[in-house]
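Asks: One structure, as C-alpha cells, below. Some questions next.
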Amino acid sequence: MIAENRLGAVDAFRTIAIWIMIVANSSPYALDADMGTAYRLICSLAAPLFVFLSGYALFISQSKHQKPNYSNGFYILLSAVLVDLISWQIWPFHTFDVLYLIGFAWLINSFLYQANTKQLGLVILLIVGLSLALSSYWQYQFENPDIKLNSIQHFNFL
C-alpha cells in the first residue's frame, strides 16, 4: 500500500508549502493593504520549501530504485505547462515559476545521479559557460524597486 511508504513529515511540510503558496498568490487579489515585511518573508518560503521537498523526494526515489526516474520530471513540467495554458492563459515557458524549476531540476538531477566525474565536470562547465554567455548577450540585471538598502522605514514587521 502506498500510504505505508509515505513520510508524515514530508507530507506535513508539503501541506504547509501549499497553504503558503495559496495565501501568497491570492493575497494581492483578496487584500488591499500591504501586509508588511514579516508577511512577505513567510510568503516567500513556499517556493524554497517546494524545491527542498522535491530534492528530498528525488533523493528518496533514486536511493530506492537505483536508476534515474525521468518520468516525474516530465510530469512536473507537464503540470507547469498546463497551469500556464489553462489557468494563466499564457504560452508555456513564458515565465519561469517554481514548477518549471522543480521539473528541470528533477531531470538534471536524475541525469547527474548516474553521471561519472568527467560528465559532471562537463555539465558544470556547460552551465557556467552558458550562463556567462547568455547573461552577457542579454545583459540581464535584476532590479527590485520595492526595498532600498539605505531606507530603513520599509522594514515594518507589524
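In the C-alpha cells, chains take the letters A, B, ... in the order shown, each chain's residues start at 1, and ligands count up from 1 in the order shown.
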Could you list, as a PyMOL selection string, every residue within 12 Å of segment 70-87 of chain A, counting only C-alpha atoms and ignoring same-chain residues fewer than 3 positions away?
Replies: chain A and resi 54-55+57-58+61-62+65+67+90-114
Asks: Would you return as an MDAnalysis selection string the members of chain A that DSSP assigns to helix (DSSP H, G or I) on this structure's backbone?
Replies: chainID A and resid 2:5 8:30 37:43 46:65 71:88 98:114 117:138 152:154
Asks: Could you state the separation of atom CA of Phe13 of chain A and atom CA of Ser27 of chain A in Å, given to one decimal place?
Replies: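 Computing it gives 20.8 Å between the two atoms.
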Asks: Separation of atom CA of Met21 of chain A and atom CA of Phe52 of chain A, in Å?
Replies: 14.5 Å
Asks: Report, in Å with one decimal, the straight-line distance from atom CA of Val10 of chain A to atom CA of Tyr56 of chain A.
Replies: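 Spanning atom CA of Val10 of chain A to atom CA of Tyr56 of chain A is a straight-line distance of 8.8 Å.
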Asks: Restricting the calculation to only C-alpha atoms: of A:Met35, A:Ala24, A:Ile60, A:Leu45, which residue gets closest to Leu7 of chain A?
Replies: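 Ranked by minimum distance to Leu7 of chain A, first place goes to A:Ile60.
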Asks: Which residues come within 8 Å of Ala46 of chain A, counting only C-alpha atoms, excluding same-chain residues fewer than 3 positions away, as a list of chain:residue names?
Replies: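 So the residues in contact are A:Ala17, A:Ile18, A:Ile20, A:Met21, A:Ile42, A:Cys43, A:Leu49, A:Phe50.
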